[in-house]
Structure formats: structure tokens, C-alpha cells
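Printed here is model_14.cif (mmCIF, C-alpha atoms):
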```
data_coords
#
loop_
_atom_site.group_PDB
_atom_site.id
_atom_site.type_symbol
_atom_site.label_atom_id
_atom_site.label_comp_id
_atom_site.auth_asym_id
_atom_site.auth_seq_id
_atom_site.Cartn_x
_atom_site.Cartn_y
_atom_site.Cartn_z
ATOM 1 C CA MET I 233 -20.189 -25.481 -94.191
ATOM 2 C CA SER I 234 -23.267 -23.866 -95.730
ATOM 3 C CA LYS I 235 -26.520 -23.641 -93.791
ATOM 4 C CA SER I 236 -28.287 -25.788 -96.372
ATOM 5 C CA LEU I 237 -25.714 -28.570 -96.141
ATOM 6 C CA PHE I 238 -25.815 -28.494 -92.355
ATOM 7 C CA GLY I 239 -29.590 -28.584 -92.470
ATOM 8 C CA ARG I 240 -29.616 -31.625 -94.748
ATOM 9 C CA ARG I 241 -27.111 -33.474 -92.538
ATOM 10 C CA SER I 242 -29.162 -32.654 -89.437
ATOM 11 C CA PHE I 243 -32.369 -33.820 -91.156
ATOM 12 C CA PHE I 244 -30.941 -37.179 -92.253
ATOM 13 C CA LYS I 245 -29.359 -37.779 -88.831
ATOM 14 C CA LYS I 246 -32.709 -37.197 -87.108
ATOM 15 C CA ALA I 247 -34.492 -39.361 -89.661
ATOM 16 C CA ALA I 248 -32.094 -42.250 -89.031
ATOM 17 C CA VAL I 249 -32.487 -41.912 -85.278
ATOM 18 C CA GLY I 250 -36.258 -41.789 -85.632
ATOM 19 C CA ALA I 251 -36.221 -44.980 -87.659
ATOM 20 C CA GLY I 252 -34.147 -46.671 -84.962
ATOM 21 C CA ALA I 253 -36.579 -45.510 -82.285
ATOM 22 C CA ALA I 254 -39.518 -46.938 -84.190
ATOM 23 C CA ALA I 255 -37.742 -50.257 -84.642
ATOM 24 C CA ILE I 256 -36.910 -50.517 -80.967
ATOM 25 C CA GLY I 257 -40.117 -49.120 -79.538
ATOM 26 C CA GLY I 258 -42.549 -50.839 -81.864
ATOM 27 C CA GLY I 259 -43.441 -47.613 -83.633
ATOM 28 C CA ALA I 260 -43.792 -45.580 -80.441
ATOM 29 C CA PRO I 261 -43.029 -41.853 -80.727
ATOM 30 C CA GLY I 262 -39.539 -40.487 -79.969
ATOM 31 C CA PHE I 263 -37.290 -41.188 -77.024
ATOM 32 C CA ALA I 264 -37.700 -39.463 -73.684
ATOM 33 C CA ALA I 265 -34.061 -38.375 -73.950
ATOM 34 C CA GLU I 266 -33.602 -37.007 -77.450
ATOM 35 C CA PRO I 267 -30.140 -36.759 -79.033
ATOM 36 C CA PRO I 268 -28.535 -33.461 -78.023
ATOM 37 C CA GLU I 269 -28.483 -30.707 -80.607
ATOM 38 C CA ARG I 270 -24.901 -30.105 -81.698
ATOM 39 C CA PRO I 271 -24.372 -27.199 -84.094
ATOM 40 C CA GLY I 272 -21.200 -27.195 -86.126
ATOM 41 C CA GLU I 273 -18.811 -30.003 -86.930
ATOM 42 C CA SER I 274 -17.847 -32.842 -84.621
ATOM 43 C CA TYR I 275 -15.068 -31.922 -82.212
ATOM 44 C CA MET I 276 -13.300 -34.240 -79.775
ATOM 45 C CA LYS I 277 -10.854 -33.757 -76.922
ATOM 46 C CA LEU I 278 -8.607 -36.586 -75.745
ATOM 47 C CA SER I 279 -8.742 -38.045 -72.263
ATOM 48 C CA LEU I 280 -7.479 -41.192 -70.550
ATOM 49 C CA ALA I 281 -9.398 -43.333 -68.059
ATOM 50 C CA ALA I 282 -7.592 -44.281 -64.870
ATOM 51 C CA TYR I 283 -8.945 -47.802 -65.416
ATOM 52 C CA SER I 284 -6.152 -48.125 -67.980
ATOM 53 C CA PHE I 285 -3.878 -48.716 -64.964
ATOM 54 C CA ASN I 286 -6.251 -51.084 -63.200
ATOM 55 C CA ARG I 287 -3.478 -53.595 -62.486
ATOM 56 C CA ILE I 288 -1.319 -51.160 -60.506
ATOM 57 C CA LEU I 289 -3.740 -48.600 -59.077
ATOM 58 C CA PRO I 290 -4.996 -49.832 -55.690
ATOM 59 C CA ARG I 291 -8.780 -49.926 -55.269
ATOM 60 C CA ARG I 292 -10.170 -47.688 -52.520
ATOM 61 C CA PRO I 293 -6.850 -47.814 -50.657
ATOM 62 C CA ASP I 294 -6.293 -46.875 -47.038
ATOM 63 C CA GLU I 295 -3.291 -44.748 -46.050
ATOM 64 C CA ALA I 296 -0.944 -47.727 -45.666
ATOM 65 C CA GLN I 297 -1.869 -49.097 -49.099
ATOM 66 C CA LEU I 298 -1.366 -45.679 -50.655
ATOM 67 C CA ARG I 299 2.151 -45.430 -49.247
ATOM 68 C CA GLU I 300 3.095 -48.784 -50.787
ATOM 69 C CA ALA I 301 1.177 -48.444 -54.063
ATOM 70 C CA PRO I 302 3.186 -48.599 -57.331
ATOM 71 C CA MET I 303 0.907 -45.874 -58.681
ATOM 72 C CA ARG I 304 -1.550 -43.353 -57.241
ATOM 73 C CA LEU I 305 -4.141 -41.143 -58.905
ATOM 74 C CA GLU I 306 -1.714 -38.244 -58.633
ATOM 75 C CA ASP I 307 0.836 -40.230 -60.674
ATOM 76 C CA PHE I 308 -1.843 -41.020 -63.239
ATOM 77 C CA ILE I 309 -2.676 -37.333 -63.587
ATOM 78 C CA GLU I 310 0.993 -36.485 -64.140
ATOM 79 C CA PHE I 311 1.178 -39.207 -66.796
ATOM 80 C CA CYS I 312 -1.779 -37.595 -68.627
ATOM 81 C CA ALA I 313 -0.030 -34.228 -68.512
ATOM 82 C CA GLU I 314 3.171 -35.752 -69.917
ATOM 83 C CA LEU I 315 1.127 -36.994 -72.887
ATOM 84 C CA ASN I 316 -0.286 -33.480 -73.437
ATOM 85 C CA LEU I 317 -3.824 -34.772 -73.148
ATOM 86 C CA ASP I 318 -6.764 -32.422 -72.883
ATOM 87 C CA ALA I 319 -8.180 -34.232 -69.864
ATOM 88 C CA CYS I 320 -8.051 -37.205 -67.531
ATOM 89 C CA GLU I 321 -10.696 -39.429 -65.958
ATOM 90 C CA PRO I 322 -9.889 -40.179 -62.302
ATOM 91 C CA THR I 323 -12.189 -43.190 -61.983
ATOM 92 C CA ALA I 324 -13.896 -43.490 -58.597
ATOM 93 C CA TYR I 325 -12.540 -46.990 -57.889
ATOM 94 C CA TYR I 326 -9.058 -45.638 -57.170
ATOM 95 C CA PHE I 327 -9.912 -42.810 -54.805
ATOM 96 C CA PRO I 328 -8.810 -43.272 -51.192
ATOM 97 C CA LYS I 329 -11.071 -45.265 -48.901
ATOM 98 C CA LYS I 330 -11.904 -42.038 -47.115
ATOM 99 C CA VAL I 331 -12.641 -39.300 -49.658
ATOM 100 C CA THR I 332 -12.253 -35.854 -48.127
ATOM 101 C CA TYR I 333 -13.020 -32.360 -49.372
ATOM 102 C CA ALA I 334 -9.305 -31.582 -49.109
ATOM 103 C CA TYR I 335 -8.440 -34.522 -51.392
ATOM 104 C CA LEU I 336 -10.999 -33.490 -54.011
ATOM 105 C CA MET I 337 -9.600 -29.957 -53.976
ATOM 106 C CA LYS I 338 -6.090 -31.366 -54.308
ATOM 107 C CA LEU I 339 -7.050 -33.176 -57.523
ATOM 108 C CA LYS I 340 -8.869 -30.094 -58.812
ATOM 109 C CA GLU I 341 -5.855 -27.880 -58.133
ATOM 110 C CA MET I 342 -3.429 -30.379 -59.606
ATOM 111 C CA THR I 343 -5.313 -30.956 -62.850
ATOM 112 C CA PHE I 344 -5.845 -27.250 -63.439
ATOM 113 C CA ARG I 345 -2.206 -26.432 -62.731
ATOM 114 C CA LEU I 346 -1.148 -29.095 -65.249
ATOM 115 C CA GLY I 347 -3.538 -27.799 -67.907
ATOM 116 C CA LEU I 348 -5.913 -30.759 -67.719
ATOM 117 C CA ASP I 349 -9.677 -30.939 -67.525
ATOM 118 C CA ILE I 350 -11.311 -33.672 -65.495
ATOM 119 C CA SER I 351 -13.393 -35.252 -68.234
ATOM 120 C CA GLY I 352 -15.527 -37.218 -65.793
ATOM 121 C CA THR I 353 -15.519 -40.116 -63.384
ATOM 122 C CA ALA I 354 -17.235 -43.493 -63.087
ATOM 123 C CA ILE I 355 -18.958 -45.539 -60.410
ATOM 124 C CA GLY I 356 -19.740 -49.245 -60.261
ATOM 125 C CA ASN I 357 -23.429 -48.929 -59.374
ATOM 126 C CA ASP I 358 -26.216 -51.476 -59.968
ATOM 127 C CA PHE I 359 -29.713 -50.009 -60.298
ATOM 128 C CA CYS I 360 -31.327 -53.443 -60.673
ATOM 129 C CA VAL I 361 -30.964 -54.176 -56.968
ATOM 130 C CA PRO I 362 -34.469 -54.610 -55.470
ATOM 131 C CA PRO I 363 -35.870 -52.236 -52.816
ATOM 132 C CA GLY I 364 -34.160 -52.528 -49.460
ATOM 133 C CA GLU I 365 -31.002 -51.524 -47.633
ATOM 134 C CA GLU I 366 -28.639 -52.483 -50.452
ATOM 135 C CA ARG I 367 -30.564 -50.441 -53.006
ATOM 136 C CA ASP I 368 -30.711 -47.460 -50.663
ATOM 137 C CA GLN I 369 -26.939 -47.699 -50.376
ATOM 138 C CA GLN I 370 -26.523 -47.846 -54.176
ATOM 139 C CA LEU I 371 -28.590 -44.687 -54.579
ATOM 140 C CA ALA I 372 -26.863 -42.913 -51.682
ATOM 141 C CA GLU I 373 -23.410 -43.676 -53.122
ATOM 142 C CA THR I 374 -24.530 -42.407 -56.527
ATOM 143 C CA ARG I 375 -25.674 -39.117 -54.964
ATOM 144 C CA GLN I 376 -22.411 -38.916 -53.041
ATOM 145 C CA TRP I 377 -20.327 -39.290 -56.190
ATOM 146 C CA ILE I 378 -22.461 -36.730 -57.988
ATOM 147 C CA ASP I 379 -21.508 -34.325 -55.192
ATOM 148 C CA TYR I 380 -17.841 -35.298 -55.484
ATOM 149 C CA ALA I 381 -17.928 -34.776 -59.250
ATOM 150 C CA ALA I 382 -19.468 -31.332 -58.829
ATOM 151 C CA LEU I 383 -16.787 -30.330 -56.330
ATOM 152 C CA MET I 384 -13.954 -31.509 -58.623
ATOM 153 C CA GLY I 385 -15.503 -29.905 -61.683
ATOM 154 C CA ALA I 386 -16.094 -33.253 -63.410
ATOM 155 C CA PRO I 387 -18.973 -32.700 -65.871
ATOM 156 C CA VAL I 388 -20.166 -36.302 -66.193
ATOM 157 C CA ILE I 389 -20.375 -39.612 -64.351
ATOM 158 C CA ARG I 390 -20.461 -42.932 -66.168
ATOM 159 C CA ILE I 391 -23.170 -45.087 -64.603
ATOM 160 C CA PHE I 392 -24.184 -48.704 -65.130
ATOM 161 C CA ALA I 393 -27.657 -50.163 -65.376
ATOM 162 C CA GLY I 394 -26.883 -53.477 -63.699
ATOM 163 C CA LYS I 395 -28.304 -56.927 -64.354
ATOM 164 C CA GLU I 396 -31.289 -59.019 -63.373
ATOM 165 C CA GLN I 397 -31.089 -60.389 -59.858
ATOM 166 C CA LYS I 398 -31.912 -64.029 -59.124
ATOM 167 C CA GLY I 399 -35.630 -64.681 -59.640
ATOM 168 C CA MET I 400 -36.157 -61.261 -61.280
ATOM 169 C CA SER I 401 -37.687 -60.801 -64.723
ATOM 170 C CA ARG I 402 -36.086 -58.498 -67.260
ATOM 171 C CA ASP I 403 -39.104 -56.177 -67.075
ATOM 172 C CA GLU I 404 -38.708 -55.900 -63.309
ATOM 173 C CA ALA I 405 -35.007 -55.142 -63.710
ATOM 174 C CA LEU I 406 -35.777 -52.530 -66.349
ATOM 175 C CA ASP I 407 -38.342 -50.814 -64.113
ATOM 176 C CA LEU I 408 -35.887 -50.685 -61.207
ATOM 177 C CA CYS I 409 -33.107 -49.333 -63.409
ATOM 178 C CA VAL I 410 -35.247 -46.561 -64.894
ATOM 179 C CA LYS I 411 -36.489 -45.574 -61.448
ATOM 180 C CA GLY I 412 -32.915 -45.472 -60.124
ATOM 181 C CA ILE I 413 -31.772 -43.252 -62.991
ATOM 182 C CA ASP I 414 -34.772 -40.925 -62.586
ATOM 183 C CA GLU I 415 -34.120 -40.517 -58.857
ATOM 184 C CA SER I 416 -30.402 -39.924 -59.389
ATOM 185 C CA LEU I 417 -30.983 -37.499 -62.267
ATOM 186 C CA GLU I 418 -32.934 -35.161 -60.050
ATOM 187 C CA HIS I 419 -29.898 -34.859 -57.779
ATOM 188 C CA ALA I 420 -27.453 -34.656 -60.697
ATOM 189 C CA ALA I 421 -29.339 -31.824 -62.393
ATOM 190 C CA GLY I 422 -29.221 -29.836 -59.169
ATOM 191 C CA ARG I 423 -25.434 -30.245 -59.058
ATOM 192 C CA GLY I 424 -24.808 -29.625 -62.766
ATOM 193 C CA VAL I 425 -23.462 -33.128 -63.446
ATOM 194 C CA PHE I 426 -24.420 -35.316 -66.418
ATOM 195 C CA LEU I 427 -25.253 -38.988 -65.975
ATOM 196 C CA ALA I 428 -24.053 -41.136 -68.884
ATOM 197 C CA LEU I 429 -25.504 -44.654 -69.070
ATOM 198 C CA GLU I 430 -22.865 -47.059 -70.341
ATOM 199 C CA ASN I 431 -23.399 -50.036 -72.643
ATOM 200 C CA HIS I 432 -21.941 -52.403 -70.083
ATOM 201 C CA GLY I 433 -23.524 -55.845 -70.290
ATOM 202 C CA GLY I 434 -26.458 -56.916 -68.160
ATOM 203 C CA ILE I 435 -29.636 -55.197 -69.337
ATOM 204 C CA THR I 436 -27.560 -52.910 -71.617
ATOM 205 C CA ALA I 437 -25.744 -55.717 -73.463
ATOM 206 C CA THR I 438 -27.181 -54.668 -76.847
ATOM 207 C CA ALA I 439 -27.987 -51.305 -78.425
ATOM 208 C CA PRO I 440 -31.773 -51.948 -78.475
ATOM 209 C CA GLU I 441 -31.692 -52.851 -74.768
ATOM 210 C CA LEU I 442 -29.721 -49.721 -73.885
ATOM 211 C CA LEU I 443 -31.982 -47.488 -75.959
ATOM 212 C CA GLU I 444 -35.089 -49.016 -74.404
ATOM 213 C CA ILE I 445 -33.889 -47.615 -71.082
ATOM 214 C CA VAL I 446 -33.030 -44.269 -72.671
ATOM 215 C CA LYS I 447 -36.559 -44.154 -74.092
ATOM 216 C CA ARG I 448 -38.143 -44.589 -70.678
ATOM 217 C CA VAL I 449 -36.038 -42.221 -68.558
ATOM 218 C CA LYS I 450 -37.767 -38.936 -67.735
ATOM 219 C CA PRO I 451 -36.689 -36.173 -70.138
ATOM 220 C CA SER I 452 -33.620 -34.359 -68.841
ATOM 221 C CA PRO I 453 -30.837 -32.411 -70.553
ATOM 222 C CA TRP I 454 -28.506 -33.911 -67.933
ATOM 223 C CA PHE I 455 -28.832 -37.494 -69.182
ATOM 224 C CA GLY I 456 -27.297 -39.360 -72.088
ATOM 225 C CA VAL I 457 -25.234 -42.366 -73.124
ATOM 226 C CA ASN I 458 -21.643 -43.282 -72.445
ATOM 227 C CA PHE I 459 -20.446 -44.667 -75.783
ATOM 228 C CA ASP I 460 -18.001 -47.500 -74.986
ATOM 229 C CA SER I 461 -16.537 -48.914 -78.183
ATOM 230 C CA GLY I 462 -15.465 -52.231 -76.654
ATOM 231 C CA ASN I 463 -18.534 -53.438 -74.793
ATOM 232 C CA PHE I 464 -20.873 -54.797 -77.481
ATOM 233 C CA ARG I 465 -20.274 -58.461 -78.301
ATOM 234 C CA SER I 466 -22.647 -59.057 -81.207
ATOM 235 C CA GLU I 467 -21.990 -60.078 -84.790
ATOM 236 C CA ASP I 468 -21.567 -56.407 -85.753
ATOM 237 C CA PRO I 469 -20.545 -54.208 -82.785
ATOM 238 C CA TYR I 470 -19.923 -51.260 -85.105
ATOM 239 C CA ALA I 471 -23.552 -51.226 -86.252
ATOM 240 C CA GLU I 472 -24.652 -51.119 -82.617
ATOM 241 C CA LEU I 473 -22.250 -48.265 -81.897
ATOM 242 C CA GLU I 474 -23.841 -46.332 -84.747
ATOM 243 C CA GLN I 475 -27.222 -46.693 -83.024
ATOM 244 C CA ILE I 476 -26.103 -45.253 -79.697
ATOM 245 C CA ALA I 477 -23.658 -42.580 -80.943
ATOM 246 C CA PRO I 478 -26.292 -39.835 -81.390
ATOM 247 C CA TYR I 479 -27.093 -40.046 -77.657
ATOM 248 C CA ALA I 480 -23.481 -39.904 -76.450
ATOM 249 C CA VAL I 481 -22.558 -37.277 -73.866
ATOM 250 C CA ASN I 482 -19.285 -39.075 -73.129
ATOM 251 C CA ALA I 483 -17.227 -41.513 -75.189
ATOM 252 C CA GLN I 484 -14.619 -44.164 -74.497
ATOM 253 C CA ILE I 485 -12.519 -46.090 -76.942
ATOM 254 C CA LYS I 486 -10.862 -49.449 -76.356
ATOM 255 C CA VAL I 487 -8.052 -51.137 -78.273
ATOM 256 C CA SER I 488 -10.133 -54.268 -78.932
ATOM 257 C CA ILE I 489 -13.697 -55.179 -79.820
ATOM 258 C CA ARG I 490 -15.425 -58.548 -79.395
ATOM 259 C CA ARG I 491 -17.320 -59.771 -82.433
ATOM 260 C CA ASN I 492 -19.603 -62.601 -81.301
ATOM 261 C CA GLY I 493 -17.527 -62.577 -78.129
ATOM 262 C CA LYS I 494 -14.271 -63.171 -80.033
ATOM 263 C CA LYS I 495 -11.590 -60.540 -79.497
ATOM 264 C CA GLU I 496 -10.124 -58.634 -82.438
ATOM 265 C CA PRO I 497 -8.253 -55.331 -82.897
ATOM 266 C CA ALA I 498 -10.522 -52.315 -82.930
ATOM 267 C CA ASP I 499 -10.751 -50.177 -86.047
ATOM 268 C CA PHE I 500 -9.981 -46.788 -84.497
ATOM 269 C CA ALA I 501 -10.674 -44.921 -87.734
ATOM 270 C CA ARG I 502 -14.112 -46.505 -88.066
ATOM 271 C CA ILE I 503 -15.047 -45.799 -84.437
ATOM 272 C CA VAL I 504 -13.930 -42.176 -84.608
ATOM 273 C CA GLY I 505 -15.809 -41.905 -87.908
ATOM 274 C CA ILE I 506 -19.007 -43.129 -86.240
ATOM 275 C CA LEU I 507 -18.692 -40.429 -83.595
ATOM 276 C CA LYS I 508 -17.949 -37.779 -86.205
ATOM 277 C CA GLU I 509 -20.960 -38.789 -88.292
ATOM 278 C CA ALA I 510 -23.133 -38.467 -85.191
ATOM 279 C CA GLY I 511 -21.793 -34.943 -84.688
ATOM 280 C CA TYR I 512 -20.300 -35.855 -81.312
ATOM 281 C CA ARG I 513 -18.617 -32.991 -79.506
ATOM 282 C CA GLY I 514 -16.878 -33.867 -76.260
ATOM 283 C CA TYR I 515 -14.248 -36.012 -74.610
ATOM 284 C CA LEU I 516 -12.948 -39.242 -76.109
ATOM 285 C CA ALA I 517 -11.238 -41.245 -73.378
ATOM 286 C CA LEU I 518 -8.933 -44.152 -74.099
ATOM 287 C CA GLU I 519 -9.621 -47.034 -71.725
ATOM 288 C CA TYR I 520 -6.709 -49.444 -72.150
ATOM 289 C CA GLU I 521 -7.320 -53.070 -71.106
ATOM 290 C CA GLU I 522 -4.624 -55.042 -72.921
ATOM 291 C CA ASP I 523 -1.689 -57.085 -71.569
ATOM 292 C CA GLU I 524 1.151 -54.777 -72.583
ATOM 293 C CA ASP I 525 2.434 -52.338 -69.958
ATOM 294 C CA PRO I 526 0.101 -49.332 -70.244
ATOM 295 C CA LYS I 527 2.957 -46.909 -69.671
ATOM 296 C CA GLN I 528 4.506 -48.218 -72.887
ATOM 297 C CA ALA I 529 1.372 -48.894 -74.914
ATOM 298 C CA VAL I 530 -0.894 -45.955 -74.101
ATOM 299 C CA PRO I 531 1.312 -43.247 -75.713
ATOM 300 C CA LYS I 532 1.230 -45.130 -79.039
ATOM 301 C CA TYR I 533 -2.555 -45.338 -79.073
ATOM 302 C CA ILE I 534 -2.973 -41.730 -77.973
ATOM 303 C CA SER I 535 -0.796 -40.686 -80.913
ATOM 304 C CA GLN I 536 -3.063 -42.618 -83.308
ATOM 305 C CA LEU I 537 -6.216 -41.115 -81.833
ATOM 306 C CA ARG I 538 -4.828 -37.590 -81.902
ATOM 307 C CA LYS I 539 -4.309 -37.847 -85.652
ATOM 308 C CA LEU I 540 -7.754 -39.339 -86.270
ATOM 309 C CA ILE I 541 -9.793 -36.806 -84.319
ATOM 310 C CA ARG I 542 -8.049 -33.937 -86.088
ATOM 311 C CA ALA I 543 -8.304 -35.470 -89.587
#
```

In C-alpha cells, write the structure found in this file.
Amino acid sequence: MSKSLFGRRSFFKKAAVGAGAAAIGGGAPGFAAEPPERPGESYMKLSLAAYSFNRILPRRPDEAQLREAPMRLEDFIEFCAELNLDACEPTAYYFPKKVTYAYLMKLKEMTFRLGLDISGTAIGNDFCVPPGEERDQQLAETRQWIDYAALMGAPVIRIFAGKEQKGMSRDEALDLCVKGIDESLEHAAGRGVFLALENHGGITATAPELLEIVKRVKPSPWFGVNFDSGNFRSEDPYAELEQIAPYAVNAQIKVSIRRNGKKEPADFARIVGILKEAGYRGYLALEYEEDEDPKQAVPKYISQLRKLIRA
């Protein structure tokens, strides 16, 4: 690609993002977290989220549950290697009840030996919880998982904003969320771990709501958006995905979307195209949530995605 062509593409991408910022922020100047600069063409590496096996992976199991479990994280990692994936996402929900340094090193050793990166992990936090013991625990667990991610070599954690608590205004929830992200980002930057805010309902149910939070977070190169293709439920989820794609530091793709809340098959080619147009470079993790046995279904979808990201 010539320098002039790349320059024109970069200019129009920034212009489109600027227009979106003005629409969302009432004409206010740019976002606190600007889209990352990405020289060159879009490039994606395939990963698989452990949540794809949510029905058979035990949640925070103790030793007895692990012995009886139909699947463990170690089995999931081997499955990713069998598919010749670039990476895997060992989601935090399925780690043992007691997470030890030895266990984290075991996963790090295993993934490296099998030729896999750890693309990231995810936690089920809620930053809209009001001040008090519960909020302190939410923030402490976020810091703890940032430390775990750093030890494993996971570059990013998917985080949630949360939702308004009973009797709480949206503005109050937004303030609490932004404060929680700012506090956690300071710790994350010190550990070299990105925080990726997911479009996951609550106060991030729409692209403008998500980007309003992005606009208010203190500037940090360690913050961005987790692009989840299946979580918007508006009349045109694809248009909303286009709005958030420039801010993506991690990306997930689901087999279905929900247009006006009604489920329909996802257009993989269109979603991958949105990420390519945004110049996204990074992991694209399949998060399978359908009824068919994931061990049978996931390989088919990975094959489709592998062709699309290389096209």
C-alpha cells in the first residue's frame, strides 16, 4: 500500500470517529481514550473463549468438583491446540476456587508448550456498586485478576461496566463506573495489562452509552474496548459495532446477533469486515453460546473465521 493511500484511509477513519464523538458528546472535543494508532493493514489472530464450554466447565471449582468435572481448563487448552488456534482465553470463571501461583505457571507452561498464546481473560465485575464493602471487594478482585493476568502473560482483561443499582440514577452509575475504571487502570498500567470495556448490557447496552464512558475515562494507552459482536440488541447492531470498532483492543465474535432482541445468524463476513475497516490488529476470539455441542460446532466456525481473516 502506498503512503498516500494509507494516509487517506487514516484521515477518513479519524474523520468518521470524530463525527461520532461529536454526535455522542454534543460537540465536545475528542475522547479521553483515542483510537489506537495501527500502521499497516488489519491483522487478526484466532482465539477461543473458555465460555464456549460454559455448560460443562465447572465455575470456580474446588478439588472434588475438579476431579469429577467433564472438562477442565487444561482440557480446553488442549482442544484449542488441536484446532491449531493462535491463542486461547482461559476465562476467570473456570479457574479453581483457590488460584495459586503454581496453577498460573502450569497454564503458562502448558499454553507455551502447545504453541498457544493466552489472548486474555475476563472477570464478572460490576463498577456501578456504590461505595462500601462490596465495592471494595469488586475493586480488590479486579486488581487481583490483573496480577494473575500479568503472571500468566495474558495481555488483556475483559471488564464490565455494570448496571444501575436500585434507586441509583444513570449519571450516578456512570460516575461510579468511570471512577472504578480509572482506579483499576492505574494498577493495570503498572502490571502491563490492558483493560477492555465490553459492550455488555447495563450502562453499555448501546454504542453511544459505551463510548460515553470511554470519553470520560482518564487517558491511558492501557485502556480500550472489547468488541463483542453479539451483545448489541438494537435495530442495527452492525452499525453500532462500526462505532466501537476503532477503539477495540480485543474482539469477540458470536454465532448469533439479536436485532431488536430477536435472534438471527450472525454475518461473519460483515463483522470481520467491520474490524478490518477499523484497522484492527489483534486477537479475534470465538465465544460460542449456541445449543449444539461446542466440541462439534466450534471447529466448523473456526474454519469459517480462519478463511475470512486471511481473505

Polymer residues at most 6 Å from region 476-482 of chain I, all atoms listed in the file, same-chain spacing of 4 or more positions, as a PyMOL selection string: chain I and resi 267+456-459+510

Using the chain letters and numbers from this file, what does the PyMOL selection byres ((chain I and resi 269-280) around 6) select? Give the answer as a CSV table (one decimal) with C-alpha atoms, keeping the file's coordinate frame.
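Output saved as result20.csv:
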```csv
chain,number,residue,atom,x,y,z
I,268,PRO,CA,-28.5,-33.5,-78.0
I,281,ALA,CA,-9.4,-43.3,-68.1
I,317,LEU,CA,-3.8,-34.8,-73.1
I,318,ASP,CA,-6.8,-32.4,-72.9
I,319,ALA,CA,-8.2,-34.2,-69.9
I,320,CYS,CA,-8.1,-37.2,-67.5
I,321,GLU,CA,-10.7,-39.4,-66.0
I,508,LYS,CA,-17.9,-37.8,-86.2
I,511,GLY,CA,-21.8,-34.9,-84.7
I,512,TYR,CA,-20.3,-35.9,-81.3
I,513,ARG,CA,-18.6,-33.0,-79.5
I,514,GLY,CA,-16.9,-33.9,-76.3
I,515,TYR,CA,-14.2,-36.0,-74.6
I,516,LEU,CA,-12.9,-39.2,-76.1
I,517,ALA,CA,-11.2,-41.2,-73.4
I,518,LEU,CA,-8.9,-44.2,-74.1
```

Would you mind listing what lies within 6 Å of region 426-431 of chain I as JSON, numbers by chain, with only C-alpha atoms counted and same-chain residues fewer than 2 positions away left out? {"I": [388, 389, 390, 391, 392, 436, 454, 455, 456, 457, 458]}

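Distance-wise, CA of Pro497 (chain I) and CA of Gly462 (chain I) end up 10.0 Å apart.
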
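The set of residues that the PyMOL selection byres ((chain I and resi 540) around 12) takes from this file is Tyr275, Met276, Lys277, Leu278, Asp499, Phe500, Ala501, Arg502, Ile503, Val504, Gly505, Ile506, Leu507, Lys508, Leu516, Tyr533, Ile534, Ser535, Gln536, Leu537, Arg538, Lys539, Ile541, Arg542 and Ala543 of chain I.
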
At what distance in Å, to one decimal, does CA of Lys338 (chain I) lie from CA of Gly356 (chain I)? 23.3 Å

Just so the selection is clear, what residues does the PyMOL selection byres ((chain I and resi 419) around 12) cover here, as a PyMOL selection string? chain I and resi 371-379+382+412-418+420-427+452+454-455

Minimum-distance residue to Lys450 (chain I), chosen among I:Ile435, I:Val410, I:Thr343, I:Ala471 (using all atoms listed in the file):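 Closest candidate: I:Val410.
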
Place a sphere of radius 9 Å on (-12.1, -30.8, -64.5) in the file coordinates and name every protein, DNA or RNA residue with an atom inside or on its surface, counting all atoms listed in the file; give the answer as an MDAnalysis selection string. chainID I and resid 319:321 339:340 343:344 348:352 381 384:387

For CA of Ile288 (chain I) and CA of Lys527 (chain I), determine how far apart the two atoms are, in Å to one decimal place.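 Those two atoms sit 11.0 Å apart.
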
Tyr520 (chain I) proximity check over I:Lys447, I:Gly433, I:Gln397, I:Lys486, using all atoms listed in the file: winner is I:Lys486

Which one is closest to Ala296 (chain I): I:Lys329, I:Arg367, I:Pro322, I:Ala405? Count all atoms listed in the file. I:Lys329

Starting from the incomplete input, reconstruct N, CA and C atoms of region 294-307 of chain I and write that as a PDB file, keeping the file's coordinate frame.
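Written output follows (out_28.pdb):
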```pdb
ATOM      1  N   ASP I 294      -6.456 -47.626 -48.276  1.00  0.00           N
ATOM      2  CA  ASP I 294      -6.293 -46.875 -47.038  1.00  0.00           C
ATOM      3  C   ASP I 294      -4.915 -46.212 -47.085  1.00  0.00           C
ATOM      4  N   GLU I 295      -4.545 -45.515 -46.037  1.00  0.00           N
ATOM      5  CA  GLU I 295      -3.291 -44.748 -46.050  1.00  0.00           C
ATOM      6  C   GLU I 295      -2.068 -45.652 -46.219  1.00  0.00           C
ATOM      7  N   ALA I 296      -2.087 -46.807 -45.566  1.00  0.00           N
ATOM      8  CA  ALA I 296      -0.944 -47.727 -45.666  1.00  0.00           C
ATOM      9  C   ALA I 296      -0.794 -48.256 -47.090  1.00  0.00           C
ATOM     10  N   GLN I 297      -1.913 -48.601 -47.718  1.00  0.00           N
ATOM     11  CA  GLN I 297      -1.869 -49.097 -49.099  1.00  0.00           C
ATOM     12  C   GLN I 297      -1.403 -48.011 -50.061  1.00  0.00           C
ATOM     13  N   LEU I 298      -1.802 -46.784 -49.802  1.00  0.00           N
ATOM     14  CA  LEU I 298      -1.366 -45.679 -50.655  1.00  0.00           C
ATOM     15  C   LEU I 298       0.144 -45.487 -50.590  1.00  0.00           C
ATOM     16  N   ARG I 299       0.697 -45.623 -49.397  1.00  0.00           N
ATOM     17  CA  ARG I 299       2.151 -45.430 -49.247  1.00  0.00           C
ATOM     18  C   ARG I 299       2.934 -46.483 -50.013  1.00  0.00           C
ATOM     19  N   GLU I 300       2.389 -47.679 -50.134  1.00  0.00           N
ATOM     20  CA  GLU I 300       3.095 -48.784 -50.787  1.00  0.00           C
ATOM     21  C   GLU I 300       2.695 -48.981 -52.243  1.00  0.00           C
ATOM     22  N   ALA I 301       1.720 -48.221 -52.723  1.00  0.00           N
ATOM     23  CA  ALA I 301       1.177 -48.444 -54.063  1.00  0.00           C
ATOM     24  C   ALA I 301       2.201 -48.101 -55.150  1.00  0.00           C
ATOM     25  N   PRO I 302       2.290 -48.921 -56.213  1.00  0.00           N
ATOM     26  CA  PRO I 302       3.186 -48.599 -57.331  1.00  0.00           C
ATOM     27  C   PRO I 302       2.726 -47.386 -58.123  1.00  0.00           C
ATOM     28  N   MET I 303       1.443 -47.038 -57.983  1.00  0.00           N
ATOM     29  CA  MET I 303       0.907 -45.874 -58.681  1.00  0.00           C
ATOM     30  C   MET I 303      -0.280 -45.331 -57.893  1.00  0.00           C
ATOM     31  N   ARG I 304      -0.411 -44.007 -57.879  1.00  0.00           N
ATOM     32  CA  ARG I 304      -1.550 -43.353 -57.241  1.00  0.00           C
ATOM     33  C   ARG I 304      -2.247 -42.484 -58.280  1.00  0.00           C
ATOM     34  N   LEU I 305      -3.424 -42.007 -57.956  1.00  0.00           N
ATOM     35  CA  LEU I 305      -4.141 -41.143 -58.905  1.00  0.00           C
ATOM     36  C   LEU I 305      -3.314 -39.928 -59.283  1.00  0.00           C
ATOM     37  N   GLU I 306      -2.550 -39.393 -58.330  1.00  0.00           N
ATOM     38  CA  GLU I 306      -1.714 -38.244 -58.633  1.00  0.00           C
ATOM     39  C   GLU I 306      -0.672 -38.578 -59.707  1.00  0.00           C
ATOM     40  N   ASP I 307      -0.122 -39.793 -59.651  1.00  0.00           N
ATOM     41  CA  ASP I 307       0.836 -40.230 -60.674  1.00  0.00           C
ATOM     42  C   ASP I 307       0.148 -40.375 -62.030  1.00  0.00           C
TER      43      ASP I 307
END
```
